[in-house]
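Structure below is target38.txt: compact mmCIF, C-alpha atoms.
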# COMPACT_ATOMS: atom_id res chain seq x y z
CA MET A 117 -8.30 36.13 -110.27
CA LEU A 118 -9.92 32.71 -110.19
CA LEU A 119 -8.22 32.01 -106.85
CA PHE A 120 -9.84 35.08 -105.30
CA ILE A 121 -13.26 33.95 -106.55
CA TRP A 122 -12.63 30.50 -105.04
CA ILE A 123 -11.68 32.13 -101.73
CA ILE A 124 -14.90 34.17 -101.63
CA ILE A 125 -17.18 31.29 -102.66
CA LEU A 126 -15.72 28.70 -100.28
CA GLY A 127 -15.33 31.29 -97.51
CA LEU A 128 -19.02 32.13 -97.74
CA LEU A 129 -19.88 28.42 -97.84
CA GLN A 130 -17.74 27.76 -94.76
CA SER A 131 -19.47 30.58 -92.96
CA ALA A 132 -23.06 29.95 -94.05
CA ALA A 133 -23.00 26.17 -93.72
CA SER A 134 -20.82 26.14 -90.56
CA LEU A 135 -18.71 23.37 -92.09
CA ASN A 136 -16.02 21.49 -90.20
CA ILE A 137 -13.52 22.38 -92.90
CA ASN A 138 -11.39 25.49 -92.69
CA PHE A 139 -11.10 26.42 -96.37
CA LEU A 140 -9.65 29.84 -95.61
CA VAL A 141 -6.55 28.47 -93.86
CA LEU A 142 -6.12 25.92 -96.64
CA PHE A 143 -6.14 28.72 -99.22
CA ALA A 144 -3.45 30.63 -97.29
CA ILE A 145 -1.28 27.49 -97.12
CA PHE A 146 -1.90 26.79 -100.81
CA ALA A 147 -0.80 30.32 -101.73
CA GLY A 148 2.41 30.00 -99.74
CA LEU A 149 3.25 26.58 -101.12
CA LYS A 150 2.44 27.08 -104.78
CA LYS A 151 3.16 30.77 -105.28
CA GLY A 152 5.96 31.56 -102.82
CA PRO A 153 6.17 33.52 -99.56
CA LEU A 154 5.42 36.98 -100.95
CA TRP A 155 2.29 35.83 -102.77
CA GLY A 156 1.43 33.70 -99.75
CA LEU A 157 1.54 36.85 -97.67
CA CYS A 158 -0.48 38.95 -100.13
CA ILE A 159 -3.19 36.31 -100.60
CA GLY A 160 -3.11 35.72 -96.83
CA ILE A 161 -3.83 39.43 -96.34
CA PHE A 162 -6.79 39.18 -98.73
CA ILE A 163 -8.13 36.12 -96.86
CA GLY A 164 -7.54 37.89 -93.55
CA VAL A 165 -9.49 40.95 -94.66
CA PHE A 166 -12.33 38.73 -95.88
CA ALA A 167 -12.34 36.75 -92.61
CA GLU A 168 -12.31 40.00 -90.61
CA VAL A 169 -15.60 40.96 -92.26
CA LEU A 170 -17.20 37.58 -91.57
CA SER A 171 -15.84 37.13 -88.06
CA SER A 172 -16.55 38.89 -84.78
CA SER A 173 -13.13 38.34 -83.24
CA ALA A 174 -10.72 41.10 -82.20
CA SER A 175 -9.86 43.46 -85.02
CA GLY A 176 -6.68 42.48 -86.90
CA LEU A 177 -6.42 38.96 -85.45
CA ASN A 178 -7.64 37.13 -88.55
CA LEU A 179 -5.52 39.31 -90.77
CA MET A 180 -2.40 38.54 -88.76
CA LEU A 181 -3.03 34.80 -88.63
CA TYR A 182 -3.97 34.21 -92.29
CA SER A 183 -1.21 36.40 -93.71
CA GLY A 184 1.28 34.88 -91.26
CA ILE A 185 0.34 31.35 -92.31
CA GLY A 186 0.64 32.26 -96.01
CA LEU A 187 4.06 33.79 -95.43
CA LEU A 188 5.31 31.02 -93.15
CA SER A 189 4.29 28.15 -95.42
CA GLY A 190 6.09 29.86 -98.32
CA ILE A 191 9.26 30.43 -96.28
CA ILE A 192 9.27 26.87 -94.92
CA LYS A 193 8.87 25.49 -98.43
CA GLN A 194 11.64 27.65 -99.90
CA LYS A 195 14.17 27.74 -97.10
CA ILE A 196 13.62 24.60 -95.04
CA TYR A 197 12.11 21.55 -96.72
CA TYR A 198 9.49 20.61 -99.26
CA LYS A 199 8.95 17.68 -101.60
CA GLU A 200 6.06 17.63 -104.08
CA GLY A 201 3.39 15.12 -103.14
CA ILE A 202 0.14 14.44 -101.34
CA ALA A 203 1.85 13.54 -98.05
CA MET A 204 3.65 16.88 -97.89
CA GLU A 205 0.47 18.83 -98.70
CA PHE A 206 -1.32 16.91 -95.95
CA LEU A 207 1.44 17.64 -93.42
CA PHE A 208 1.63 21.35 -94.29
CA SER A 209 -2.16 21.61 -94.00
CA PHE A 210 -2.28 19.70 -90.72
CA PHE A 211 0.40 21.77 -89.00
CA GLY A 212 -0.82 24.99 -90.64
CA ILE A 213 -4.35 24.61 -89.30
CA LEU A 214 -3.03 23.39 -85.95
CA PHE A 215 -0.87 26.53 -85.77
CA PHE A 216 -3.92 28.66 -86.64
CA TYR A 217 -6.03 27.28 -83.79
CA LEU A 218 -3.16 27.32 -81.28
CA ALA A 219 -2.37 30.94 -82.13
CA TYR A 220 -6.08 31.81 -81.95
CA PHE A 221 -6.25 30.19 -78.52
CA ALA A 222 -3.12 32.04 -77.38
CA PHE A 223 -4.65 35.40 -78.28
CA THR A 224 -8.27 34.86 -77.27
CA ARG A 225 -8.26 31.93 -74.82
CA THR A 226 -11.06 30.52 -76.93
CA ALA A 227 -11.28 26.84 -77.81
CA GLN A 228 -13.91 24.56 -79.28
CA THR A 229 -14.48 20.86 -78.75
CA GLY A 230 -14.67 20.05 -82.47
CA VAL A 231 -11.38 21.71 -83.43
CA LEU A 232 -9.38 18.48 -83.75
CA PHE A 233 -12.00 17.03 -86.09
CA THR A 234 -11.83 20.20 -88.20
CA ILE A 235 -8.01 19.98 -88.37
CA ILE A 236 -8.04 16.33 -89.46
CA LEU A 237 -10.88 16.69 -91.96
CA SER A 238 -9.39 19.84 -93.50
CA SER A 239 -5.98 18.18 -93.84
CA ILE A 240 -7.47 15.11 -95.50
CA ILE A 241 -9.25 17.11 -98.17
CA SER A 242 -6.36 19.54 -98.70
CA PRO A 243 -4.53 17.61 -101.50
CA LEU A 244 -7.81 17.33 -103.40
CA LEU A 245 -8.59 21.01 -102.92
CA PHE A 246 -5.08 22.05 -103.98
CA LYS A 247 -5.37 19.95 -107.15
CA LEU A 248 -8.77 21.45 -107.88
CA ILE A 249 -7.57 25.05 -107.53
CA GLU A 250 -4.38 24.44 -109.44
CA MET B 284 18.65 49.36 -105.93
CA ILE B 285 16.37 47.06 -103.93
CA LYS B 286 16.45 43.48 -105.20
CA PRO B 287 13.18 41.74 -104.29
CA GLU B 288 14.79 38.28 -104.23
CA LYS B 289 17.53 39.31 -101.79
CA ASN B 290 15.38 41.49 -99.56
CA LEU B 291 12.37 39.22 -99.55
CA PRO B 292 12.18 38.68 -95.77
CA VAL B 293 12.47 42.43 -95.13
CA ILE B 294 9.80 43.28 -97.73
CA ALA B 295 7.51 40.52 -96.46
CA ILE B 296 7.81 41.55 -92.84
CA PHE B 297 7.27 45.19 -93.78
CA ILE B 298 4.06 44.35 -95.72
CA PHE B 299 2.95 42.05 -92.90
CA ILE B 300 3.30 44.67 -90.16
CA ALA B 301 2.01 47.57 -92.30
CA SER B 302 -1.10 45.68 -93.38
CA ILE B 303 -1.94 44.64 -89.82
CA ILE B 304 -1.59 48.23 -88.56
CA VAL B 305 -3.57 49.74 -91.45
CA PHE B 306 -6.39 47.21 -91.58
CA SER B 307 -6.76 46.98 -87.79
CA GLN B 308 -7.50 50.71 -87.81
CA ILE B 309 -10.02 50.38 -90.64
CA PHE B 310 -11.90 47.41 -89.25
CA SER B 311 -14.24 48.98 -86.75
CA SER B 312 -17.29 46.88 -85.94
CA GLU B 313 -19.46 49.29 -87.95
CA PHE B 314 -17.23 48.98 -91.00
CA ARG B 315 -17.30 45.19 -90.76
CA ILE B 316 -21.07 44.90 -90.61
CA LYS B 317 -21.52 47.43 -93.42
CA THR B 318 -19.13 45.46 -95.63
CA LEU B 319 -20.86 42.23 -94.73
CA ASP B 320 -24.10 43.73 -96.03
CA ILE B 321 -22.68 43.20 -99.55
CA PHE B 322 -22.60 39.45 -98.99
CA ARG B 323 -26.16 39.26 -97.63
CA ILE B 324 -27.71 37.82 -100.78
CA PRO B 325 -25.09 35.08 -101.49
CA LEU B 326 -25.12 34.13 -97.80
CA LYS B 327 -28.90 33.94 -97.84
CA ILE B 328 -28.86 31.77 -100.96
CA ILE B 329 -26.27 29.37 -99.52
CA SER B 330 -27.88 29.08 -96.08
CA GLY B 331 -31.36 28.79 -97.65
CA SER B 332 -30.18 25.92 -99.86
CA ILE B 333 -28.61 24.14 -96.90
CA TYR B 334 -31.76 24.48 -94.81
CA ALA B 335 -33.81 23.15 -97.73
CA LEU B 336 -31.48 20.14 -98.04
CA ARG B 337 -31.79 19.50 -94.31
CA ASP B 338 -35.58 19.67 -94.61
CA VAL B 339 -35.57 17.08 -97.40
CA ALA B 340 -33.35 14.80 -95.31
CA GLY B 341 -35.68 15.13 -92.34
CA PHE B 342 -38.89 14.48 -94.31
CA ARG B 343 -39.65 11.09 -92.72
CA GLU B 344 -39.03 12.49 -89.30
CA SER B 345 -41.40 15.35 -90.12
CA GLN B 346 -44.16 12.89 -91.07
CA MET B 347 -43.93 11.24 -87.64
CA GLU B 348 -43.85 14.62 -85.97
CA ASN B 349 -46.91 15.66 -87.94
CA LYS B 350 -48.86 12.70 -86.61
CA ILE B 351 -47.99 13.56 -83.02
CA LEU B 352 -48.74 17.23 -83.57
CA ARG B 353 -52.23 16.43 -84.93
CA GLU B 354 -53.02 14.51 -81.77
CA ASN B 355 -51.72 17.40 -79.69
CA THR B 356 -53.85 19.88 -81.63
CA THR B 357 -57.04 18.18 -80.49
CA ASN B 358 -55.99 18.51 -76.86
CA LEU B 359 -54.88 22.08 -77.36
CA LYS B 360 -58.23 23.06 -78.88
CA LYS B 361 -59.92 22.03 -75.65
CA GLU B 362 -57.42 24.04 -73.63
CA LEU B 363 -57.90 27.02 -75.91
CA LEU B 364 -61.59 27.15 -75.11
CA ASN B 365 -60.78 27.33 -71.41
CA LEU B 366 -58.17 30.01 -72.03
CA LYS B 367 -60.61 32.16 -74.00
CA GLU B 368 -62.91 32.20 -71.05
CA ILE B 369 -60.04 33.14 -68.75
CA THR B 370 -58.98 35.94 -71.14
CA LEU B 371 -62.45 37.43 -71.12
CA GLU B 372 -62.52 37.27 -67.36
CA ASN B 373 -59.07 38.87 -67.22
CA GLU B 374 -60.18 41.74 -69.47
CA ARG B 375 -63.20 42.38 -67.28
CA LEU B 376 -61.04 42.48 -64.17
CA ARG B 377 -58.48 44.78 -65.83
CA LYS B 378 -61.23 47.24 -66.69
CA LEU B 379 -62.42 47.09 -63.13
CA LEU B 380 -58.91 47.90 -61.87
CA ASP B 381 -58.33 50.56 -64.56
CA PHE B 382 -55.10 48.78 -65.52
CA LYS B 383 -53.05 50.52 -68.20
CA GLU B 384 -51.91 48.06 -70.82
CA SER B 385 -48.15 48.19 -71.26
CA GLU B 386 -46.66 48.80 -74.66
CA ARG B 387 -46.84 45.59 -76.64
CA ARG B 388 -43.59 44.06 -77.75
CA LYS B 389 -43.06 43.31 -81.42
CA PHE B 390 -41.27 40.25 -82.67
CA VAL B 391 -39.27 40.43 -85.86
CA PRO B 392 -38.64 37.01 -87.44
CA ALA B 393 -35.16 36.57 -88.90
CA LEU B 394 -33.18 33.89 -90.66
CA VAL B 395 -29.69 32.87 -89.56
CA ILE B 396 -27.58 33.27 -92.69
CA SER B 397 -24.03 32.91 -91.43
CA ARG B 398 -21.80 31.90 -88.53
CA ASP B 399 -18.26 32.73 -87.53
CA PRO B 400 -16.00 31.05 -90.15
CA SER B 401 -13.40 29.94 -87.61
CA GLY B 402 -16.08 28.35 -85.43
CA LEU B 403 -14.33 29.85 -82.41
CA ASN B 404 -16.85 32.59 -81.69
CA ASP B 405 -20.50 31.85 -81.03
CA THR B 406 -21.93 34.62 -83.16
CA VAL B 407 -24.40 34.46 -86.03
CA ILE B 408 -25.51 36.83 -88.76
CA ILE B 409 -29.25 37.36 -89.27
CA ASP B 410 -30.97 38.83 -92.32
CA ARG B 411 -32.56 41.80 -90.53
CA GLY B 412 -31.02 45.15 -89.76
CA LYS B 413 -31.60 48.86 -89.33
CA LYS B 414 -34.12 48.76 -92.17
CA ASP B 415 -36.35 46.62 -89.92
CA ARG B 416 -35.63 48.92 -86.97
CA ILE B 417 -33.28 46.43 -85.33
CA GLU B 418 -30.95 48.06 -82.85
CA LYS B 419 -27.89 47.09 -80.88
CA GLY B 420 -28.74 45.41 -77.58
CA MET B 421 -32.08 43.93 -78.68
CA VAL B 422 -32.91 40.46 -77.37
CA VAL B 423 -32.96 37.47 -79.72
CA ILE B 424 -35.02 34.40 -78.87
CA SER B 425 -35.76 31.11 -80.58
CA GLY B 426 -38.71 28.92 -79.67
CA ASN B 427 -39.18 29.33 -75.94
CA GLY B 428 -35.68 30.29 -74.99
CA LEU B 429 -33.10 33.00 -75.04
CA ALA B 430 -30.65 32.86 -77.95
CA GLY B 431 -28.57 36.02 -77.63
CA ARG B 432 -28.47 39.74 -78.27
CA ILE B 433 -27.69 42.06 -81.16
CA ILE B 434 -24.15 43.44 -81.04
CA GLU B 435 -23.79 44.99 -84.52
CA THR B 436 -26.37 46.24 -86.98
CA GLY B 437 -26.03 46.89 -90.69
CA TRP B 438 -28.73 48.13 -93.04
CA ARG B 439 -30.15 44.68 -93.76
CA ILE B 440 -28.14 42.38 -91.51
CA SER B 441 -27.16 42.15 -87.85
CA ARG B 442 -24.66 40.20 -85.80
CA VAL B 443 -25.96 38.29 -82.78
CA LEU B 444 -23.77 37.35 -79.83
CA LEU B 445 -25.13 33.99 -78.73
CA ILE B 446 -25.50 33.26 -75.02
CA THR B 447 -22.99 30.40 -75.27
CA ASP B 448 -20.11 32.67 -76.40
CA TYR B 449 -17.30 33.24 -73.89
CA ASP B 450 -17.96 37.00 -74.08
CA SER B 451 -21.60 36.60 -73.08
CA THR B 452 -22.26 37.24 -69.38
CA PHE B 453 -25.57 38.21 -67.82
CA SER B 454 -27.60 37.72 -64.69
CA GLY B 455 -29.93 34.77 -64.22
CA VAL B 456 -32.25 33.46 -61.54
CA VAL B 457 -33.33 29.92 -60.70
CA GLU B 458 -37.11 29.91 -61.17
CA ARG B 459 -37.96 27.60 -58.26
CA THR B 460 -35.55 28.80 -55.56
CA ARG B 461 -35.06 32.45 -56.76
CA ASP B 462 -31.28 32.07 -56.35
CA GLU B 463 -29.38 34.59 -58.46
CA GLY B 464 -26.11 34.11 -60.26
CA GLY B 465 -24.00 35.23 -63.20
CA VAL B 466 -24.59 33.18 -66.35
CA SER B 467 -21.61 32.87 -68.69
CA GLY B 468 -21.21 31.19 -72.04
CA ASN B 469 -19.08 28.08 -72.24
CA MET B 470 -19.19 27.59 -76.02
CA ARG B 471 -20.52 24.22 -77.20
CA THR B 472 -20.61 22.76 -73.70
CA GLY B 473 -23.43 25.15 -72.77
CA LEU B 474 -23.67 27.70 -69.97
CA VAL B 475 -22.35 28.07 -66.44
CA MET B 476 -24.21 29.82 -63.65
CA LYS B 477 -21.64 31.18 -61.20
CA TYR B 478 -21.68 32.70 -57.71
CA LEU B 479 -24.60 30.74 -56.31
CA ASP B 480 -24.72 30.64 -52.51
CA LEU B 481 -23.14 27.56 -50.92
CA GLY B 482 -26.33 26.69 -49.13
CA CYS B 483 -28.61 27.05 -52.13
CA ASP B 484 -31.17 24.38 -52.95
CA VAL B 485 -30.60 24.37 -56.73
CA LYS B 486 -31.16 20.92 -58.21
CA LYS B 487 -30.82 19.17 -61.54
CA GLY B 488 -33.84 19.97 -63.70
CA ASP B 489 -34.47 23.45 -62.28
CA LYS B 490 -35.36 26.08 -64.86
CA VAL B 491 -33.21 29.21 -65.10
CA ILE B 492 -34.62 32.51 -66.34
CA THR B 493 -33.16 35.97 -66.91
CA SER B 494 -33.26 38.18 -63.82
CA GLY B 495 -33.48 41.49 -65.64
CA LEU B 496 -30.62 42.93 -63.61
CA TYR B 497 -27.92 45.14 -65.17
CA GLY B 498 -30.13 45.77 -68.19
CA VAL B 499 -28.63 43.12 -70.49
CA PHE B 500 -31.82 41.08 -70.89
CA GLU B 501 -35.33 41.76 -69.70
CA LYS B 502 -36.73 39.70 -66.85
CA GLY B 503 -38.34 36.29 -67.22
CA ILE B 504 -36.91 34.86 -70.45
CA LEU B 505 -36.16 31.16 -70.20
CA ILE B 506 -32.41 30.43 -70.42
CA GLY B 507 -32.26 26.69 -69.84
CA GLU B 508 -32.22 23.84 -67.38
CA VAL B 509 -29.72 22.96 -64.65
CA VAL B 510 -27.85 19.74 -65.46
CA SER B 511 -25.41 19.62 -62.56
CA VAL B 512 -24.41 21.63 -59.49
CA GLU B 513 -20.97 21.63 -57.88
CA SER B 514 -18.85 23.95 -55.72
CA ASP B 515 -16.34 26.15 -57.55
CA SER B 516 -12.54 25.87 -57.24
CA THR B 517 -12.39 28.37 -54.36
CA GLY B 518 -15.07 26.57 -52.38
CA LEU B 519 -16.86 29.87 -51.68
CA TYR B 520 -19.65 29.52 -54.20
CA MET B 521 -21.61 26.94 -56.17
CA ASN B 522 -21.56 26.64 -59.95
CA ALA B 523 -24.42 25.18 -61.97
CA ALA B 524 -23.98 23.81 -65.48
CA ILE B 525 -26.94 24.83 -67.63
CA LYS B 526 -28.19 23.23 -70.81
CA PRO B 527 -29.57 26.06 -72.96
CA GLU B 528 -33.23 25.81 -73.95
CA VAL B 529 -32.24 26.73 -77.49
CA ASP B 530 -30.06 24.38 -79.50
CA ILE B 531 -27.46 26.91 -80.58
CA ARG B 532 -25.89 24.60 -83.18
CA LYS B 533 -29.19 24.09 -84.99
CA LEU B 534 -30.30 27.71 -84.93
CA GLU B 535 -32.07 28.54 -88.20
CA GLU B 536 -34.88 30.98 -87.44
CA VAL B 537 -34.94 33.46 -84.59
CA LEU B 538 -37.16 36.25 -83.28
CA VAL B 539 -35.79 39.67 -82.41
CA ILE B 540 -37.73 41.42 -79.64
CA ARG B 541 -38.15 45.02 -80.71
Representation of the structure as C-alpha cells:
Amino acid sequence: MLLFIWIIILGLLQSAASLNINFLVLFAIFAGLKKGPLWGLCIGIFIGVFAEVLSSSASGLNLMLYSGIGLLSGIIKQKIYYKEGIAMEFLFSFFGILFFYLAYFAFTRTAQTGVLFTIILSSIISPLLFKLIE
Amino acid sequence: MIKPEKNLPVIAIFIFIASIIVFSQIFSSEFRIKTLDIFRIPLKIISGSIYALRDVAGFRESQMENKILRENTTNLKKELLNLKEITLENERLRKLLDFKESERRKFVPALVISRDPSGLNDTVIIDRGKKDRIEKGMVVISGNGLAGRIIETGWRISRVLLITDYDSTFSGVVERTRDEGGVSGNMRTGLVMKYLDLGCDVKKGDKVITSGLYGVFEKGILIGEVVSVESDSTGLYMNAAIKPEVDIRKLEEVLVIR
C-alpha cells in the first residue's frame, strides 16, 4: 500500500516540477527486482495506468512500457543474473531507463535533448530511492 | 491444476497483453482528462510550492528588475498620454465611419500545474477547464507570444499542446516579407518554418506571426524570431529555424483566449 502512495506522490512531483528524474520507471524496476516478475508486472500496470492519465502520448504506450519494464527486470533478476548491491541496482536502473526511452523513440519517433542527463541522474539516485522505499 | 510458479511466463504474458488491450480501450482522451481532474489540487499545491521556491531564489534578480521597471514606467507614462489622445481621435473617426466594434476577446488567466512526466511530449496541464468555459481548440498565449492550443478539457483542468511539440503544425507568415510557411514543433530546439520559397528574403531576426490559415490559430499572433535560414534536404524549399517568443520550459502562467 505504501508503495502505491509513493508512486502517486513522486509521480505527481515528477510531473508538476518537470524533474530530470524518472521516478516512475525506477518504481517499475524496483518492483521487478524486489518483488519478482509477476509483482513487477502488476505494479508496472498500475504505474502505466497512472502515467497514461498524466501523459498525452498514444493510448496504451505508457502501460505497455512500464509493465514491460517491471516484468523484464523481474525475469532478468530471476532467470539471468543478479547480485545484491548498489552497483547492480545502478546498472538495472540505467539500462531500464535507457530501454524505456529507446522503446518510446521506436514507437513515437520522439526524442529530447536532455534524455541522457535524465538517465544518468535517475540511475545515480536509484540505490538511494530503493533503500528509502524498502 | 495451474501452478503459478511453473506457468509464470504464460500468466505474466497473458496479464500483460490483456491489460494493454483492456486499458487501451478505456483510455480515451476524455477519460484521461476527467481522471486527471482528481489530481488537480495536489498538482496545484506542488507546482505552486515550486514556483514560490523559484521566486525566493530569484529575489535579488527581481530587485534589479524592479529598478529598471521603475525607470521604464516614467517613460511609459509619457507615451500613455500620447496614446490617450490617439485613442480619442480613433473613437471619433470610428463614429464618423459608423464602424461596428467586433466582439471583444476575453482572456482567461491560468496556471501551469503539470507537464508530461516522461518529458517526451511538449504538453502542459492548466488549472482551467469547462467550468471557465474553456473549449478544445482555444489559443493559449504567454506574454507577447503564442504558447499553444487546448487539446483536451476537463471540468477544472485542460491539456495544452505547446507549439514546440512534434505534433504541432500550423501556418505562419514572416512579418516583414509576408512569406508563408508551415511551422512545426521541434521540441526543446524550438520551431522550424518549412516550405519557404527558394528566393525568399527571410533573414535572421525577422519576426514570424500566425497567418490565420487553416483555422488552427487566428491571424497576427507573434510566434517567434528567425535564427537561421537554410535550404532543405531536397533543395526545393528553404527552412527557417525559429526561436519561440515564449520560453516553453519556464512556462508558469498563461492566458487562454476565449
**OP:** With a distance threshold of 7 Å and counting only C-alpha atoms, extract the residues of chain A near chain B and express them as a ChimeraX atom specification.
**Re:** /A:128-134,154,169-172,175-176,179-180,226-228
Subject >> Nearby residues (all atoms listed in the file) at most 10 Å from Gly156 (chain A), same-chain spacing under 5 positions excluded, as a list in words >> reply: Phe143, Ala144, Ile145, Phe146, Ala147, Gly148, Leu149, Lys150, Lys151, Ile161, Phe162, Tyr182, Ser183, Gly184, Ile185, Gly186, Leu187, Leu188, Ser189, Gly190 and Ile191 of chain A; Ala295 of chain B
Subject >> Option closest in space to Cys483 (chain B), from B:Ile504, B:Leu394, B:Val457, B:Ile440 [counting all atoms listed in the file] >> reply: B:Val457
Taking all listed atoms of region 418-424 of chain B, build the axis-aligned box, pad each of the six sides by 3 Å, then write its centre and edge lengths in Å to one decimal as AutoDock Vina command-line options.
--center_x -31.5 --center_y 41.2 --center_z -80.1 --size_x 13.1 --size_y 19.7 --size_z 11.5
**OP:** Excluding Leu181 (chain A) and any residue of its chain fewer than 4 positions from it, enumerate the residues within 8 Å of it, using all atoms listed in the file, and give them as number ranges by chain.
**Re:** A: 164, 177, 185, 216, 219-220
Env of Glu501 (chain B): 10 Å cut, atoms = all atoms listed in the file, seq-sep filter 6 positions within chain, self excluded. Answer as a PDB file with C-alpha atoms, in the coordinates of the input.
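Printed below is around.pdb as written:
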ATOM      1  CA  MET B 421     -32.080  43.930 -78.680  1.00  0.00           C
ATOM      2  CA  VAL B 422     -32.910  40.460 -77.370  1.00  0.00           C
ATOM      3  CA  ILE B 492     -34.620  32.510 -66.340  1.00  0.00           C
ATOM      4  CA  THR B 493     -33.160  35.970 -66.910  1.00  0.00           C
ATOM      5  CA  SER B 494     -33.260  38.180 -63.820  1.00  0.00           C
ATOM      6  CA  GLY B 495     -33.480  41.490 -65.640  1.00  0.00           C
TER       7      GLY B 495
END
Original post:
Looking at all atoms listed in the file, which of A:Ala174, A:Ile123, A:Leu244, A:Ile249 is the one that sits closest to Glu205 (chain A)?
Top reply: A:Leu244
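The closest residue to Glu463 (chain B), picked from B:Lys477, B:Arg337, B:Arg377, B:Lys487 and counting all atoms listed in the file, is B:Lys477.
Taking CA of Phe210 (chain A) as the reference point, CA of Ile125 (chain A) is found at 22.3 Å.
Atom to atom, CA of Pro243 (chain A) and CA of Leu336 (chain B) stand 27.3 Å apart.
Straight-line separation from CA of Phe208 (chain A) to CA of Ile163 (chain A): 17.9 Å.
Of the listed residues A:Thr224, A:Ser173, A:Asn178, A:Ser239, the one whose atoms come nearest to Ile202 (chain A) is A:Ser239, with distances taken using all atoms listed in the file.
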Subject >> A:Ala203, A:Pro153, A:Gly127, A:Ile213 ranked by distance to Ala167 (chain A), top pick (using only C-alpha atoms) >> reply: A:Gly127
